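Chemist: Just passing along the structure, written as structure tokens.
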Amino acid sequence: MAHLYVFDQDEQLLTILSKEEFKEDEHKRQLNGSWTFTFVTQAKYASVLLKGHKVAFYDREESFRLFVISEVPTLTYQENQIEVYAVNDYFQLAHQIVEDRRLRNGTAREALSKVLDGSGYLVGEVADLGNQTLSFYEMTRMEGLESIVETYGGEIDFRIELDEEKRCISKKYIDIKSRLGTDTGLRFTFDSNLEEVKRSDTSEGHFTVLYGRGKGIESGDGYSRKIKFTEIEWTTPINPTNKPIGQSFIEDEEAIAKYGRIEG
């Protein structure tokens, strides 16, 4: 790669590193699995290479690939360098919730639209994979993508577009193709292939939007739907934040302003 683009958490361009300004870059992708990028650069760039900021580059196929820095860069004092570890931007979908969406005898495009609604990603190019019936209830968007792949087949890819001046990310698409590349035998197997991308982020991560998803109440021969925050009302200053009746999540406005919208 010739250049490395560095964006803030709002996907506004901060700087561009030339190929002489970073080294030991390693781009690893497993088809429908983990997708990481690491590199080493000078410590003077530590002020822009923060956790939550994003880096991107054009790969060999000239596709623009976007990654989120998921850990505080490691500083090597002896050489005055930092090592940066990032995961593909779409892994943020693992922290966003789909509450209740259903599809009857619909296409993969229609299913993808339900999973991505409100996510920041748009429905891209979707192959004709027939019609199916499925539902997305109290699951993450990532789990929704897994369900689509398991139900319809096909393989997922991602497209990122810059604005005309190349100063910010303008659009992010998710495509579903009949097949990408060669057969590796890997699909959305979260329990194994994706474990490595969590690293320390699972223990030190934080959320700015919380959904309540309690156990259902026993009723007759079964259980009610999962208990949510819907019927709870909070108002400040008595409570930490405002939460009106009917809203199924609690959000911290100050934290969102600082860290962005991170659902959990």
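Going by the structure tokens order, chains are called A, B, ..., each with residues numbered from 1, while ligands are numbered from 1 in the order shown.
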Can you pull out the residues contacting segment 145-160 of chain A? Cut-off 9 Å, using only C-alpha atoms, and skip same-chain residues under 6 positions away; I want them as a ChimeraX atom specification.
Modeler: /A:31-32,63-66,90,107-108,111-112,115-116,124,127,129-136,169-180,187-190
Chemist: List the spatial neighbours of segment 11-21 of chain A as a list in words - criterion: any atom at most 8 Å away, only C-alpha atoms, same-chain residues fewer than 2 positions off excluded.
Modeler: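 Near neighbours after the sequence-gap exclusion: Met1, Ala2, His3, Leu4, Tyr5, Val6, Phe7, Asp8, Gln9, Lys23, Thr41, Gln42, Val48, His53, Lys54, Lys166, Arg167, Cys168 and Ile169 of chain A.
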Chemist: Go ahead and save the picked residues with N, CA and C atoms, as a PDB file, in the first residue's frame.
Modeler:
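What landed in part-v1.pdb:
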```
ATOM      1  N   MET A   1       0.844  -1.193   0.000  1.00  0.00           N
ATOM      2  CA  MET A   1       0.000   0.000   0.000  1.00  0.00           C
ATOM      3  C   MET A   1       0.878   1.240   0.000  1.00  0.00           C
ATOM      4  N   ALA A   2       0.443   2.277  -0.678  1.00  0.00           N
ATOM      5  CA  ALA A   2       1.267   3.476  -0.821  1.00  0.00           C
ATOM      6  C   ALA A   2       1.030   4.474   0.307  1.00  0.00           C
ATOM      7  N   HIS A   3      -0.198   4.587   0.786  1.00  0.00           N
ATOM      8  CA  HIS A   3      -0.517   5.565   1.814  1.00  0.00           C
ATOM      9  C   HIS A   3      -1.465   4.972   2.849  1.00  0.00           C
ATOM     10  N   LEU A   4      -1.432   5.549   4.035  1.00  0.00           N
ATOM     11  CA  LEU A   4      -2.319   5.144   5.111  1.00  0.00           C
ATOM     12  C   LEU A   4      -3.098   6.373   5.565  1.00  0.00           C
ATOM     13  N   TYR A   5      -4.424   6.318   5.449  1.00  0.00           N
ATOM     14  CA  TYR A   5      -5.295   7.425   5.811  1.00  0.00           C
ATOM     15  C   TYR A   5      -5.685   7.278   7.281  1.00  0.00           C
ATOM     16  N   VAL A   6      -5.648   8.366   8.022  1.00  0.00           N
ATOM     17  CA  VAL A   6      -6.006   8.350   9.436  1.00  0.00           C
ATOM     18  C   VAL A   6      -7.203   9.273   9.654  1.00  0.00           C
ATOM     19  N   PHE A   7      -8.281   8.720  10.247  1.00  0.00           N
ATOM     20  CA  PHE A   7      -9.517   9.463  10.488  1.00  0.00           C
ATOM     21  C   PHE A   7      -9.806   9.524  11.984  1.00  0.00           C
ATOM     22  N   ASP A   8     -10.565  10.529  12.401  1.00  0.00           N
ATOM     23  CA  ASP A   8     -11.026  10.564  13.791  1.00  0.00           C
ATOM     24  C   ASP A   8     -12.258   9.668  13.912  1.00  0.00           C
ATOM     25  N   GLN A   9     -12.884   9.632  15.103  1.00  0.00           N
ATOM     26  CA  GLN A   9     -14.018   8.739  15.318  1.00  0.00           C
ATOM     27  C   GLN A   9     -15.247   9.160  14.530  1.00  0.00           C
ATOM     28  N   LYS A  23       5.681   0.881   8.799  1.00  0.00           N
ATOM     29  CA  LYS A  23       6.334  -0.357   8.363  1.00  0.00           C
ATOM     30  C   LYS A  23       5.709  -1.549   9.082  1.00  0.00           C
ATOM     31  N   THR A  41       4.728   2.565  13.481  1.00  0.00           N
ATOM     32  CA  THR A  41       5.067   3.891  12.993  1.00  0.00           C
ATOM     33  C   THR A  41       5.766   4.679  14.096  1.00  0.00           C
ATOM     34  N   GLN A  42       6.147   5.894  13.800  1.00  0.00           N
ATOM     35  CA  GLN A  42       6.864   6.720  14.761  1.00  0.00           C
ATOM     36  C   GLN A  42       5.924   7.207  15.878  1.00  0.00           C
ATOM     37  N   VAL A  48      -2.675  11.177  17.019  1.00  0.00           N
ATOM     38  CA  VAL A  48      -3.791  10.955  16.087  1.00  0.00           C
ATOM     39  C   VAL A  48      -4.172   9.480  16.000  1.00  0.00           C
ATOM     40  N   HIS A  53     -10.062   5.870  16.887  1.00  0.00           N
ATOM     41  CA  HIS A  53      -9.804   6.493  15.593  1.00  0.00           C
ATOM     42  C   HIS A  53      -9.679   5.402  14.532  1.00  0.00           C
ATOM     43  N   LYS A  54      -9.657   5.812  13.275  1.00  0.00           N
ATOM     44  CA  LYS A  54      -9.714   4.830  12.193  1.00  0.00           C
ATOM     45  C   LYS A  54      -8.566   5.028  11.202  1.00  0.00           C
ATOM     46  N   LYS A 166     -11.898  13.714  -0.787  1.00  0.00           N
ATOM     47  CA  LYS A 166     -11.189  12.694   0.006  1.00  0.00           C
ATOM     48  C   LYS A 166     -10.812  13.239   1.383  1.00  0.00           C
ATOM     49  N   ARG A 167     -11.786  13.929   2.010  1.00  0.00           N
ATOM     50  CA  ARG A 167     -11.568  14.482   3.353  1.00  0.00           C
ATOM     51  C   ARG A 167     -12.375  13.754   4.426  1.00  0.00           C
ATOM     52  N   CYS A 168     -13.293  12.894   4.015  1.00  0.00           N
ATOM     53  CA  CYS A 168     -14.085  12.155   5.001  1.00  0.00           C
ATOM     54  C   CYS A 168     -14.716  10.935   4.330  1.00  0.00           C
ATOM     55  N   ILE A 169     -15.186  10.003   5.152  1.00  0.00           N
ATOM     56  CA  ILE A 169     -15.924   8.846   4.642  1.00  0.00           C
ATOM     57  C   ILE A 169     -17.335   9.317   4.286  1.00  0.00           C
TER      58      ILE A 169
END
```
Chemist: Determine the nearest neighbour of Met142 of chain A from the options A:Glu26, A:Glu251, A:Glu62, A:Asp89, counting only C-alpha atoms.
Modeler: A:Asp89
Chemist: For a test of reading the model, state the distance in Å between atom CA of Tyr121 of chain A and atom CA of Arg102 of chain A, rounded to one decimal.
Modeler: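 Atom-to-atom, atom CA of Tyr121 of chain A to atom CA of Arg102 of chain A, that is 19.3 Å.
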Chemist: Could you write out, as an MDAnalysis selection string, all the residues of segment 52-179 of chain A that DSSP marks as strand (DSSP E or B)?
Modeler: chainID A and resid 54:58 64:69 74:76 81:88 97:107 122:126 131:140 155:162 168:177
